[in-house]
Every structure is written in structure tokens, then in C-alpha cells.
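Participant: structure_31.cif is the file, holding mmCIF, C-alpha atoms and all ligand atoms:
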data_final
loop_
_atom_site.label_atom_id
_atom_site.label_comp_id
_atom_site.auth_asym_id
_atom_site.auth_seq_id
_atom_site.Cartn_x
_atom_site.Cartn_y
_atom_site.Cartn_z
CA MET A 822 -46.96 -35.48 -5.89
CA SER A 823 -44.27 -34.01 -8.08
CA ASN A 824 -40.72 -33.08 -7.15
CA ILE A 825 -40.05 -30.11 -9.36
CA GLU A 826 -36.98 -28.13 -8.48
CA VAL A 827 -36.47 -24.65 -9.95
CA ARG A 828 -32.92 -23.29 -9.83
CA PRO A 829 -32.30 -19.74 -11.02
CA LEU A 830 -29.54 -19.44 -13.61
CA GLY A 831 -29.45 -15.68 -13.96
CA TYR A 832 -30.68 -12.51 -12.29
CA ALA A 833 -32.44 -11.08 -15.32
CA ALA A 834 -33.85 -14.36 -16.64
CA GLY A 835 -33.35 -18.10 -16.77
CA ALA A 836 -34.00 -21.00 -14.44
CA GLU A 837 -33.34 -24.70 -14.66
CA VAL A 838 -36.28 -27.01 -14.03
CA LEU A 839 -35.39 -30.41 -12.66
CA GLY A 840 -37.54 -33.38 -11.71
CA LEU A 841 -39.77 -33.56 -14.77
CA ASP A 842 -39.80 -36.10 -17.58
CA LEU A 843 -41.17 -34.20 -20.56
CA ARG A 844 -41.72 -37.44 -22.51
CA LYS A 845 -44.73 -38.01 -20.30
CA PRO A 846 -47.78 -35.75 -20.35
CA LEU A 847 -47.61 -33.13 -17.59
CA SER A 848 -50.27 -33.22 -14.89
CA SER A 849 -52.30 -30.07 -14.36
CA THR A 850 -50.35 -29.39 -11.15
CA GLU A 851 -47.10 -29.65 -13.08
CA VAL A 852 -48.43 -27.33 -15.78
CA ASP A 853 -49.28 -24.80 -13.05
CA GLN A 854 -45.81 -25.12 -11.53
CA VAL A 855 -44.09 -24.71 -14.90
CA ASN A 856 -46.23 -21.66 -15.69
CA ALA A 857 -45.45 -20.09 -12.31
CA ALA A 858 -41.71 -20.64 -12.83
CA TRP A 859 -41.99 -19.35 -16.40
CA HIS A 860 -43.69 -16.13 -15.33
CA GLN A 861 -41.02 -15.57 -12.72
CA HIS A 862 -37.92 -16.50 -14.75
CA LEU A 863 -39.09 -15.92 -18.39
CA VAL A 864 -36.71 -18.55 -19.77
CA LEU A 865 -36.82 -22.13 -18.51
CA VAL A 866 -34.21 -24.79 -19.19
CA PHE A 867 -35.17 -28.46 -18.95
CA PRO A 868 -31.93 -30.43 -19.19
CA GLY A 869 -31.63 -34.01 -20.42
CA GLN A 870 -34.91 -34.29 -22.31
CA ASP A 871 -34.53 -36.45 -25.40
CA LEU A 872 -37.89 -35.76 -27.01
CA THR A 873 -39.38 -36.99 -30.27
CA PRO A 874 -41.22 -34.39 -32.37
CA PRO A 875 -44.65 -35.58 -31.10
CA GLN A 876 -43.42 -35.34 -27.50
CA LEU A 877 -42.14 -31.81 -28.11
CA ILE A 878 -45.51 -30.86 -29.62
CA GLU A 879 -47.41 -32.47 -26.75
CA PHE A 880 -45.35 -30.61 -24.14
CA THR A 881 -45.68 -27.26 -25.94
CA GLY A 882 -49.42 -27.83 -26.35
CA LYS A 883 -49.81 -28.07 -22.57
CA LEU A 884 -48.62 -24.49 -22.22
CA GLY A 885 -50.28 -22.83 -25.18
CA ASP A 886 -51.96 -23.32 -28.52
CA ILE A 887 -49.61 -24.79 -31.08
CA GLU A 888 -48.39 -22.56 -33.89
CA ARG A 889 -48.39 -24.32 -37.26
CA ASN A 890 -45.83 -22.06 -38.94
CA GLU A 891 -48.17 -21.05 -41.77
CA ASN A 892 -46.61 -17.57 -42.03
CA VAL A 893 -43.20 -19.09 -42.65
CA PRO A 894 -44.00 -22.48 -44.14
CA TYR A 895 -40.42 -23.54 -44.79
CA TYR A 896 -38.05 -25.87 -43.00
CA ARG A 897 -40.86 -27.49 -41.15
CA HIS A 898 -40.43 -31.09 -40.10
CA PRO A 899 -41.63 -33.21 -43.05
CA GLU A 900 -44.16 -35.07 -40.91
CA TYR A 901 -44.90 -32.45 -38.23
CA PRO A 902 -45.54 -28.94 -39.60
CA GLU A 903 -45.66 -27.67 -36.00
CA VAL A 904 -41.93 -28.33 -35.72
CA LEU A 905 -39.50 -25.91 -37.31
CA LEU A 906 -35.99 -27.20 -38.01
CA VAL A 907 -33.32 -24.69 -37.08
CA THR A 908 -30.32 -26.39 -38.56
CA ASN A 909 -27.05 -25.89 -40.38
CA LYS A 910 -27.22 -29.40 -41.80
CA GLN A 911 -28.14 -29.85 -45.44
CA VAL A 912 -31.84 -30.17 -46.20
CA ASN A 913 -32.79 -32.00 -49.42
CA GLY A 914 -29.15 -31.86 -50.46
CA LYS A 915 -28.97 -28.06 -50.17
CA PRO A 916 -27.51 -25.72 -47.53
CA SER A 917 -30.20 -24.94 -44.98
CA GLN A 918 -31.62 -21.42 -44.95
CA THR A 919 -32.31 -21.75 -41.25
CA ARG A 920 -28.59 -22.07 -40.53
CA ASN A 921 -28.53 -18.37 -39.63
CA THR A 922 -31.92 -18.15 -37.95
CA GLY A 923 -32.20 -15.55 -35.22
CA ARG A 924 -28.99 -13.60 -35.79
CA ASN A 925 -30.47 -10.31 -34.63
CA TRP A 926 -32.44 -9.48 -31.49
CA HIS A 927 -36.06 -10.45 -31.95
CA ALA A 928 -39.26 -11.92 -30.60
CA ASP A 929 -40.57 -14.80 -32.68
CA LEU A 930 -43.18 -13.99 -35.33
CA SER A 931 -43.44 -10.31 -34.35
CA TYR A 932 -43.94 -9.61 -38.08
CA THR A 933 -47.30 -11.45 -37.99
CA ASP A 934 -50.69 -10.65 -36.48
CA ARG A 935 -50.12 -13.41 -33.91
CA PRO A 936 -46.67 -12.71 -32.42
CA ALA A 937 -45.63 -15.93 -30.70
CA LYS A 938 -46.55 -16.37 -27.06
CA GLY A 939 -43.72 -18.74 -26.28
CA SER A 940 -41.24 -20.94 -28.08
CA VAL A 941 -39.73 -24.24 -27.08
CA LEU A 942 -36.38 -25.13 -28.61
CA MET A 943 -34.68 -28.47 -28.22
CA CYS A 944 -31.04 -29.21 -28.95
CA LYS A 945 -30.53 -32.39 -30.99
CA GLU A 946 -26.95 -31.78 -32.15
CA LYS A 947 -24.46 -29.15 -31.10
CA PRO A 948 -20.97 -27.91 -31.84
CA ASP A 949 -18.18 -28.63 -29.34
CA VAL A 950 -18.32 -25.09 -28.04
CA GLY A 951 -20.54 -22.08 -28.71
CA GLY A 952 -23.76 -21.75 -30.68
CA ASP A 953 -25.15 -19.97 -27.62
CA THR A 954 -28.49 -18.18 -27.43
CA MET A 955 -28.99 -14.96 -25.45
CA PHE A 956 -32.26 -13.78 -23.93
CA ALA A 957 -33.05 -10.27 -22.68
CA ASN A 958 -35.69 -9.29 -20.11
CA MET A 959 -38.09 -6.72 -21.62
CA TYR A 960 -39.81 -5.97 -18.29
CA MET A 961 -36.48 -4.68 -17.02
CA ALA A 962 -35.92 -2.84 -20.28
CA TYR A 963 -39.16 -0.92 -19.75
CA GLU A 964 -38.94 -0.46 -16.00
CA THR A 965 -35.45 1.05 -16.12
CA LEU A 966 -36.41 3.82 -18.54
CA SER A 967 -36.92 7.24 -16.99
CA PRO A 968 -40.57 8.19 -16.32
CA ILE A 969 -40.55 10.70 -19.16
CA MET A 970 -39.16 8.16 -21.60
CA GLN A 971 -41.73 5.61 -20.39
CA LYS A 972 -44.50 8.08 -21.13
CA PHE A 973 -43.05 8.70 -24.59
CA VAL A 974 -42.74 5.00 -25.51
CA ASP A 975 -46.15 4.22 -24.00
CA GLY A 976 -47.70 6.21 -26.84
CA LEU A 977 -45.72 4.68 -29.72
CA GLU A 978 -46.62 2.02 -32.24
CA ALA A 979 -43.88 0.10 -34.03
CA VAL A 980 -43.82 -1.20 -37.59
CA HIS A 981 -42.42 -4.77 -37.60
CA ASP A 982 -40.97 -5.82 -40.93
CA ILE A 983 -40.03 -9.39 -41.88
CA THR A 984 -37.41 -8.12 -44.33
CA LEU A 985 -35.35 -6.91 -41.37
CA ILE A 986 -34.61 -10.51 -40.39
CA LYS A 987 -30.85 -10.67 -40.72
CA GLY A 988 -29.89 -12.25 -44.04
CA PHE A 989 -33.50 -12.20 -45.24
CA ASN A 990 -32.74 -10.93 -48.72
CA ARG A 991 -30.08 -13.59 -49.21
CA ARG A 992 -32.72 -16.29 -48.98
CA ASP A 993 -34.12 -17.98 -52.07
CA PRO A 994 -35.87 -15.23 -54.16
CA ALA A 995 -39.10 -17.20 -54.54
CA GLN A 996 -39.26 -17.67 -50.76
CA VAL A 997 -38.47 -14.01 -50.16
CA ALA A 998 -41.37 -12.98 -52.43
CA ASP A 999 -43.73 -15.47 -50.77
CA LEU A 1000 -42.75 -14.44 -47.24
CA LYS A 1001 -43.17 -10.75 -48.05
CA ALA A 1002 -46.62 -11.38 -49.54
CA LYS A 1003 -47.68 -13.43 -46.51
CA ASN A 1004 -46.22 -10.95 -43.99
CA PRO A 1005 -46.67 -7.28 -44.93
CA PRO A 1006 -45.26 -4.82 -42.38
CA ILE A 1007 -47.45 -4.85 -39.30
CA VAL A 1008 -47.96 -2.40 -36.45
CA HIS A 1009 -47.86 -3.44 -32.79
CA PRO A 1010 -47.83 -1.31 -29.65
CA LEU A 1011 -44.30 -0.61 -28.43
CA VAL A 1012 -45.32 -1.27 -24.84
CA ARG A 1013 -47.49 -4.26 -24.01
CA VAL A 1014 -49.10 -5.50 -20.84
CA HIS A 1015 -48.38 -9.17 -20.25
CA PRO A 1016 -51.75 -10.96 -20.07
CA ASP A 1017 -50.66 -13.29 -17.25
CA THR A 1018 -48.43 -11.11 -15.09
CA GLY A 1019 -50.00 -7.71 -15.75
CA ARG A 1020 -46.52 -6.20 -16.08
CA LYS A 1021 -45.55 -3.79 -18.84
CA SER A 1022 -42.76 -4.73 -21.21
CA LEU A 1023 -41.00 -3.14 -24.13
CA PHE A 1024 -41.87 -4.78 -27.46
CA VAL A 1025 -38.98 -3.45 -29.49
CA SER A 1026 -36.59 -5.48 -31.66
CA GLU A 1027 -34.11 -5.21 -34.49
CA ARG A 1028 -37.00 -6.10 -36.82
CA VAL A 1029 -38.75 -2.77 -36.26
CA ARG A 1030 -38.42 -0.32 -39.16
CA ASN A 1031 -40.00 2.83 -37.74
CA PHE A 1032 -42.71 4.19 -35.51
CA VAL A 1033 -46.14 5.07 -36.85
CA GLY A 1034 -46.36 8.76 -37.65
CA MET A 1035 -42.59 9.18 -37.60
CA THR A 1036 -40.14 8.95 -40.48
CA GLU A 1037 -37.40 6.33 -40.55
CA GLU A 1038 -34.86 9.11 -39.98
CA GLU A 1039 -36.67 10.19 -36.82
CA SER A 1040 -37.31 6.64 -35.66
CA GLN A 1041 -33.86 5.16 -36.17
CA PRO A 1042 -31.95 6.95 -33.39
CA ILE A 1043 -34.73 6.11 -30.92
CA LEU A 1044 -34.77 2.51 -32.12
CA ASP A 1045 -30.99 2.31 -31.80
CA PHE A 1046 -31.19 3.58 -28.24
CA LEU A 1047 -34.06 1.30 -27.26
CA ASN A 1048 -32.48 -1.81 -28.80
CA MET A 1049 -29.16 -1.06 -27.13
CA HIS A 1050 -30.78 -0.33 -23.79
CA ALA A 1051 -33.10 -3.36 -23.97
CA THR A 1052 -30.22 -5.75 -24.61
CA SER A 1053 -27.85 -4.34 -21.97
CA PRO A 1054 -25.70 -7.14 -20.53
CA GLU A 1055 -27.39 -6.87 -17.13
CA PHE A 1056 -30.77 -7.72 -18.69
CA VAL A 1057 -29.40 -10.79 -20.46
CA TYR A 1058 -29.23 -14.50 -19.74
CA ARG A 1059 -26.84 -16.37 -22.02
CA HIS A 1060 -27.62 -20.01 -22.58
CA ARG A 1061 -24.81 -22.45 -23.33
CA TRP A 1062 -26.50 -25.46 -24.82
CA ASN A 1063 -26.10 -29.05 -23.75
CA LEU A 1064 -27.39 -31.88 -25.88
CA ASN A 1065 -31.07 -32.58 -25.15
CA ASP A 1066 -31.67 -29.27 -23.46
CA VAL A 1067 -35.22 -28.07 -23.94
CA VAL A 1068 -35.42 -24.28 -23.52
CA MET A 1069 -38.71 -22.43 -23.36
CA TRP A 1070 -38.96 -18.65 -23.51
CA ASP A 1071 -41.73 -16.11 -23.26
CA ASN A 1072 -41.72 -13.96 -26.40
CA ARG A 1073 -44.11 -11.49 -24.74
CA CYS A 1074 -41.46 -10.25 -22.32
CA THR A 1075 -38.10 -11.29 -23.79
CA LEU A 1076 -35.98 -10.86 -26.90
CA HIS A 1077 -33.46 -13.41 -28.04
CA ILE A 1078 -30.56 -13.77 -30.45
CA ALA A 1079 -28.72 -16.81 -31.81
CA LEU A 1080 -24.96 -16.25 -31.80
CA LYS A 1081 -22.68 -17.32 -34.62
CA ASP A 1082 -19.98 -18.08 -32.09
CA PHE A 1083 -19.05 -21.57 -33.25
CA ASP A 1084 -17.23 -23.61 -35.85
CA GLN A 1085 -19.63 -23.62 -38.80
CA SER A 1086 -18.30 -26.95 -40.04
CA GLN A 1087 -19.83 -28.62 -36.98
CA PRO A 1088 -23.53 -29.50 -36.98
CA ARG A 1089 -26.03 -27.56 -34.89
CA HIS A 1090 -29.50 -29.01 -35.13
CA MET A 1091 -32.52 -27.78 -33.19
CA MET A 1092 -36.26 -28.39 -33.24
CA ARG A 1093 -38.62 -25.55 -32.38
CA CYS A 1094 -42.26 -25.58 -31.49
CA SER A 1095 -44.04 -22.28 -30.80
CA MET A 1096 -47.23 -21.20 -29.10
CA LEU A 1097 -49.69 -19.00 -30.90
CA GLY A 1098 -49.92 -15.51 -29.45
CA GLU A 1099 -52.93 -13.26 -29.08
CA LYS A 1100 -54.17 -11.47 -32.16
CA SER A 1101 -52.50 -8.07 -32.39
CA GLY A 1102 -51.73 -5.25 -34.72
CA TYR A 1103 -52.83 -3.88 -38.07
CA VAL A 1104 -51.33 -3.72 -41.51
CA LEU A 1105 -50.64 -0.26 -42.85
CA PRO A 1106 -52.37 0.59 -46.11
CA ASP A 1107 -49.98 0.69 -49.08
CA GLU A 1108 -47.19 -0.81 -47.05
CA HIS A 1109 -46.98 -3.97 -49.13
CA GLU A 1110 -44.71 -2.53 -51.82
CA GLU A 1111 -42.30 -0.14 -50.16
CA GLY A 1112 -42.67 -0.35 -46.40
CA SER A 1113 -42.23 3.40 -46.45
CA ALA A 1114 -42.68 5.84 -43.61
CA LYS A 1115 -44.81 7.94 -45.94
CA SER A 1116 -47.65 5.45 -45.76
CA ALA A 1117 -47.12 5.28 -42.00
CA LEU A 1118 -47.88 8.98 -41.88
CA VAL A 1119 -51.02 8.47 -43.93
CA ALA A 1120 -52.22 5.86 -41.45
CA VAL A 1121 -52.39 8.26 -38.53
CA SER A 1122 -53.74 11.26 -40.36
C1 LIG A 1201 -35.57 -19.55 -32.87
C2 LIG A 1201 -34.28 -18.90 -32.73
C3 LIG A 1201 -32.27 -19.46 -31.62
C4 LIG A 1201 -31.17 -20.44 -31.74
O1 LIG A 1201 -35.59 -20.77 -33.08
O2 LIG A 1201 -36.59 -18.86 -32.75
O3 LIG A 1201 -34.20 -17.71 -32.73
O4 LIG A 1201 -30.25 -20.31 -30.93
N1 LIG A 1201 -33.26 -19.74 -32.54
O5 LIG A 1201 -31.19 -21.29 -32.62
MN MN A 1202 -36.28 -16.85 -32.64
#
Step by step, read the file and then write its structure as C-alpha cells.
Facilitator:
Amino acid sequence: MSNIEVRPLGYAAGAEVLGLDLRKPLSSTEVDQVNAAWHQHLVLVFPGQDLTPPQLIEFTGKLGDIERNENVPYYRHPEYPEVLLVTNKQVNGKPSQTRNTGRNWHADLSYTDRPAKGSVLMCKEKPDVGGDTMFANMYMAYETLSPIMQKFVDGLEAVHDITLIKGFNRRDPAQVADLKAKNPPIVHPLVRVHPDTGRKSLFVSERVRNFVGMTEEESQPILDFLNMHATSPEFVYRHRWNLNDVVMWDNRCTLHIALKDFDQSQPRHMMRCSMLGEKSGYVLPDEHEEGSAKSALVAVS
């Protein structure tokens, strides 16, 4: 018998889950309860969970297949490659390049052929105030479009480009070259059906360069509208972190952004473990070098 309590934190997304100790393996009933709450609220907060990396991996593994971060093999935990360190603390005596992770609206690993199913982020150290993360509900983003606009976006494919990660080109040049080689621009449908809920959601983000068959000039105003619409305040849950919060989000129906709304001299240290998503998308021919809309046009002709 478990005593899980689920308390909604926001209308668009977010619920707190109480009554679980994530250091212990979840029973299959508990896994079912967590999944049901997750599908309903999209972002779950488990407060007061002081997990070790293996415990974080074990918990994440109950809800999906573990992602090993091979597409971005940097800033992984030295002993546990499944754990990504999102930190502004020095790493090997150097400023961390994950200190500005997630500064534009995105879904994790959308620039790969396995966009993440879910991610689990745990707060190990935090600034006095701020360092918040916002999440936006992409079911609502889709459902609130007019029928004509829905029909239009239903037919579009989006080119996701790793170089549109905010601050990407300021990273170490060798890493930039490696990450570009490992992650050429990739096409995913702009509207996806969630495999568990059957609901349609908008799979847009600030890491989309253009739509297949359309130039960047044609795509950009539509992208600007869709990104603005999708991240409207009424679709957003804003999480204010407490130490030892574990927050789990569904990348298949949400976007998120990490805010730089805190004193950068204070440490913020997080551990992330992600779940592998379903295989999706295709790489455009000749996109490796330029990421140009010209080759996008070739792909549909
Ligand atoms: C991430 C991310 C958000 C944050 O880890 O995927 O976007 O607030 N981080 O650190
Ligand atoms: Mn992220």
C-alpha cells in the first residue's frame, strides 16, 4: 500500500508528489501512479529527495530507458556517464560550459534522432534566490491554435539544429566541431502524437532553424509566432527550486528554459538523467556543412 499524494502546482503543468522515497526502488504500483500523474501534469516535483547518482539513475530507469549522453559526451559525471552535470562550478579547474545550459526554450536532445522522452533533474546546490526553470505545455500550445493554423502546422516538418543552442558557438572550438559532426541538422514533425496519451502537441522550439521546403526567411516569422504562442505565460509553470528537489518533465509535450535570474557568483549545481526517446526524424542531405534552406528544398523535391 503506498500513500502517494499528488498536489497540482499550476494549471498548465506541474504537480508535487509526496509520500515517496526515491532512494528506494519504486514498486510497479508506484511506477503506474507516477506515470499517471506525469501524463496528467507533465512536470512532477518530488521534494526532499537527496539522491546519489546511482539512485537517480535507478529512479529514472523505472520510467524509461536511460540515455547515456553519447550525442553530447561532455560534462558527464566521471563515474556515471548517464548523469549530466548542469553546473556553474568549476570543472577540472575551468569554468563549466554547462553553466548556461538551457537558456532558450527547448526540448532535450531534439537535435538528435532520439529526442529525449523525459528528463529528471535534481538540485544539489542552489543560489539564495532565483535560478528558476520554466516549463510550457505543448498540448495547450497546439490545441489553442485556430483550426486552419492547426491544419497548416500538421503538415510541417521542422529542422532542429544543435548550433541554435544559446551560446553554442562560444563553447570550446574542438567541442563545437565534435558536436556538429555528431549532430547534423535533423528533421522532426512539427506536430507529434504522444505515444501514451494519444494527444497532439506542438514540437517547436528555439532550436528550430526552418521548415522543410521553406526558406529561413519564410520560416522565421512563423517560428517566431509559434515560439511566442507556445510559451505564453498561461501555458507555463515556473519552478522555484529547493535543495534536493527532483523534477521530472516530459519532453514530448513540454518545452523548458533555464533562467539566468540569479547571482552568478553563487553555486548552482544540478544532476540530470534523461530517458531515451523513440527514434525519429531524418538528416537532410548536404546539411552537414551549411544547414541551409537550399538543401531543405532539395529534400522535398
Ligand atoms: C536541462 C536544462 C534546466 C535548468 O538540464 O536539460 O535545461 O534549470 N536545465 O538547469
Ligand atoms: Mn534542457
Participant: Can you work out which one of A:Leu1000, A:Val852, A:Met961, A:Leu905 has the shortest atom-to-atom distance to Arg889 of chain A, counting all atoms listed in the file?
Facilitator: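 Result for the nearest residue to Arg889 of chain A: A:Leu905.
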Participant: Which is closest to Ser940 of chain A among A:Leu1105, A:Val864, A:Leu1064, A:Cys1094, if we use all atoms listed in the file?
Facilitator: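 Looking only at the distances to Ser940 of chain A, the closest residue turns out to be A:Cys1094.
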Participant: Please tell me which residues are no farther than 12 Å from (-48.7, -11.8, -19.6) in the file, counting all atoms listed in the file, and write them as a ChimeraX atom specification.
Facilitator: /A:856-857,859-861,863,938-939,959-960,1013-1022,1071-1075,1098-1099
Participant: Store the residues picked out above, limited to C-alpha atoms, as a PDB file, keeping the file's coordinate frame.
Facilitator:
ATOM      1  CA  ASN A 856     -46.230 -21.660 -15.690  1.00  0.00           C
ATOM      2  CA  ALA A 857     -45.450 -20.090 -12.310  1.00  0.00           C
ATOM      3  CA  TRP A 859     -41.990 -19.350 -16.400  1.00  0.00           C
ATOM      4  CA  HIS A 860     -43.690 -16.130 -15.330  1.00  0.00           C
ATOM      5  CA  GLN A 861     -41.020 -15.570 -12.720  1.00  0.00           C
ATOM      6  CA  LEU A 863     -39.090 -15.920 -18.390  1.00  0.00           C
ATOM      7  CA  LYS A 938     -46.550 -16.370 -27.060  1.00  0.00           C
ATOM      8  CA  GLY A 939     -43.720 -18.740 -26.280  1.00  0.00           C
ATOM      9  CA  MET A 959     -38.090  -6.720 -21.620  1.00  0.00           C
ATOM     10  CA  TYR A 960     -39.810  -5.970 -18.290  1.00  0.00           C
ATOM     11  CA  ARG A1013     -47.490  -4.260 -24.010  1.00  0.00           C
ATOM     12  CA  VAL A1014     -49.100  -5.500 -20.840  1.00  0.00           C
ATOM     13  CA  HIS A1015     -48.380  -9.170 -20.250  1.00  0.00           C
ATOM     14  CA  PRO A1016     -51.750 -10.960 -20.070  1.00  0.00           C
ATOM     15  CA  ASP A1017     -50.660 -13.290 -17.250  1.00  0.00           C
ATOM     16  CA  THR A1018     -48.430 -11.110 -15.090  1.00  0.00           C
ATOM     17  CA  GLY A1019     -50.000  -7.710 -15.750  1.00  0.00           C
ATOM     18  CA  ARG A1020     -46.520  -6.200 -16.080  1.00  0.00           C
ATOM     19  CA  LYS A1021     -45.550  -3.790 -18.840  1.00  0.00           C
ATOM     20  CA  SER A1022     -42.760  -4.730 -21.210  1.00  0.00           C
ATOM     21  CA  ASP A1071     -41.730 -16.110 -23.260  1.00  0.00           C
ATOM     22  CA  ASN A1072     -41.720 -13.960 -26.400  1.00  0.00           C
ATOM     23  CA  ARG A1073     -44.110 -11.490 -24.740  1.00  0.00           C
ATOM     24  CA  CYS A1074     -41.460 -10.250 -22.320  1.00  0.00           C
ATOM     25  CA  THR A1075     -38.100 -11.290 -23.790  1.00  0.00           C
ATOM     26  CA  GLY A1098     -49.920 -15.510 -29.450  1.00  0.00           C
ATOM     27  CA  GLU A1099     -52.930 -13.260 -29.080  1.00  0.00           C
TER      28      GLU A1099
END
Participant: Smallest atom-to-atom distance to ligand MN 1202 (chain A): which of A:Phe880, A:Tyr832, A:Phe973, A:Tyr932, using only C-alpha atoms and all ligand atoms?
Facilitator: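 Among the listed residues, the smallest separation from ligand MN 1202 (chain A) belongs to A:Tyr932.
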Participant: Could you please extract the residues within 9 Å of ligand LIG 1201 (chain A), counting all atoms listed in the file, and hand them back as number ranges by chain?
Facilitator: A: 905-908, 919-930, 940-942, 944, 952-955, 1060, 1062, 1077-1081, 1089-1095
Participant: For the residues selected in the previous step, produce a file with C-alpha atoms as a PDB file, in the coordinates of the input.
Facilitator:
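Once written, selection.pdb looks like this:
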ATOM      1  CA  LEU A 905     -39.500 -25.910 -37.310  1.00  0.00           C
ATOM      2  CA  LEU A 906     -35.990 -27.200 -38.010  1.00  0.00           C
ATOM      3  CA  VAL A 907     -33.320 -24.690 -37.080  1.00  0.00           C
ATOM      4  CA  THR A 908     -30.320 -26.390 -38.560  1.00  0.00           C
ATOM      5  CA  THR A 919     -32.310 -21.750 -41.250  1.00  0.00           C
ATOM      6  CA  ARG A 920     -28.590 -22.070 -40.530  1.00  0.00           C
ATOM      7  CA  ASN A 921     -28.530 -18.370 -39.630  1.00  0.00           C
ATOM      8  CA  THR A 922     -31.920 -18.150 -37.950  1.00  0.00           C
ATOM      9  CA  GLY A 923     -32.200 -15.550 -35.220  1.00  0.00           C
ATOM     10  CA  ARG A 924     -28.990 -13.600 -35.790  1.00  0.00           C
ATOM     11  CA  ASN A 925     -30.470 -10.310 -34.630  1.00  0.00           C
ATOM     12  CA  TRP A 926     -32.440  -9.480 -31.490  1.00  0.00           C
ATOM     13  CA  HIS A 927     -36.060 -10.450 -31.950  1.00  0.00           C
ATOM     14  CA  ALA A 928     -39.260 -11.920 -30.600  1.00  0.00           C
ATOM     15  CA  ASP A 929     -40.570 -14.800 -32.680  1.00  0.00           C
ATOM     16  CA  LEU A 930     -43.180 -13.990 -35.330  1.00  0.00           C
ATOM     17  CA  SER A 940     -41.240 -20.940 -28.080  1.00  0.00           C
ATOM     18  CA  VAL A 941     -39.730 -24.240 -27.080  1.00  0.00           C
ATOM     19  CA  LEU A 942     -36.380 -25.130 -28.610  1.00  0.00           C
ATOM     20  CA  CYS A 944     -31.040 -29.210 -28.950  1.00  0.00           C
ATOM     21  CA  GLY A 952     -23.760 -21.750 -30.680  1.00  0.00           C
ATOM     22  CA  ASP A 953     -25.150 -19.970 -27.620  1.00  0.00           C
ATOM     23  CA  THR A 954     -28.490 -18.180 -27.430  1.00  0.00           C
ATOM     24  CA  MET A 955     -28.990 -14.960 -25.450  1.00  0.00           C
ATOM     25  CA  HIS A1060     -27.620 -20.010 -22.580  1.00  0.00           C
ATOM     26  CA  TRP A1062     -26.500 -25.460 -24.820  1.00  0.00           C
ATOM     27  CA  HIS A1077     -33.460 -13.410 -28.040  1.00  0.00           C
ATOM     28  CA  ILE A1078     -30.560 -13.770 -30.450  1.00  0.00           C
ATOM     29  CA  ALA A1079     -28.720 -16.810 -31.810  1.00  0.00           C
ATOM     30  CA  LEU A1080     -24.960 -16.250 -31.800  1.00  0.00           C
ATOM     31  CA  LYS A1081     -22.680 -17.320 -34.620  1.00  0.00           C
ATOM     32  CA  ARG A1089     -26.030 -27.560 -34.890  1.00  0.00           C
ATOM     33  CA  HIS A1090     -29.500 -29.010 -35.130  1.00  0.00           C
ATOM     34  CA  MET A1091     -32.520 -27.780 -33.190  1.00  0.00           C
ATOM     35  CA  MET A1092     -36.260 -28.390 -33.240  1.00  0.00           C
ATOM     36  CA  ARG A1093     -38.620 -25.550 -32.380  1.00  0.00           C
ATOM     37  CA  CYS A1094     -42.260 -25.580 -31.490  1.00  0.00           C
ATOM     38  CA  SER A1095     -44.040 -22.280 -30.800  1.00  0.00           C
TER      39      SER A1095
END
Participant: Record the distance separating atom CA of Asp999 of chain A and atom CA of Leu977 of chain A, expressed in Å with one decimal.
Facilitator: 29.2 Å
Participant: Rank nothing, just name the residue among A:Pro868, A:Pro916, A:Pro875, A:Pro936 nearest to ligand MN 1202 (chain A), using all atoms listed in the file.
Facilitator: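 Nearest to ligand MN 1202 (chain A): A:Pro936.
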Participant: Distance atom CA of Thr873 of chain A-atom MN of ligand MN 1202 (chain A), one decimal place?
Facilitator: 20.5 Å
Participant: Determine the nearest neighbour of Asn1048 of chain A from the options A:Val855, A:Val1008, A:Ala834, A:Ala962, counting only C-alpha atoms.
Facilitator: A:Ala962
Participant: Would you pick out the contacts of Arg828 of chain A at 9 Å or less, using only C-alpha atoms, so that residues sharing its chain but fewer than 4 positions from it are not included, and give the list as a PDB file with C-alpha atoms, keeping the file's coordinate frame?
Facilitator:
ATOM      1  CA  GLY A 835     -33.350 -18.100 -16.770  1.00  0.00           C
ATOM      2  CA  ALA A 836     -34.000 -21.000 -14.440  1.00  0.00           C
ATOM      3  CA  GLU A 837     -33.340 -24.700 -14.660  1.00  0.00           C
ATOM      4  CA  VAL A 838     -36.280 -27.010 -14.030  1.00  0.00           C
ATOM      5  CA  LEU A 839     -35.390 -30.410 -12.660  1.00  0.00           C
TER       6      LEU A 839
END
Participant: Report the distance between atom CA of Gly882 of chain A and atom CA of Arg1059 of chain A in Å, rounded to one decimal place.
Facilitator: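 Straight-line distance from atom CA of Gly882 of chain A to atom CA of Arg1059 of chain A works out to 25.7 Å.
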Participant: So, counting only C-alpha atoms and all ligand atoms, which residue among A:Ala833, A:Ala998, A:Val1068, A:Leu843 is closest to ligand MN 1202 (chain A)?
Facilitator: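 Distance minimum relative to ligand MN 1202 (chain A) lands on A:Val1068.
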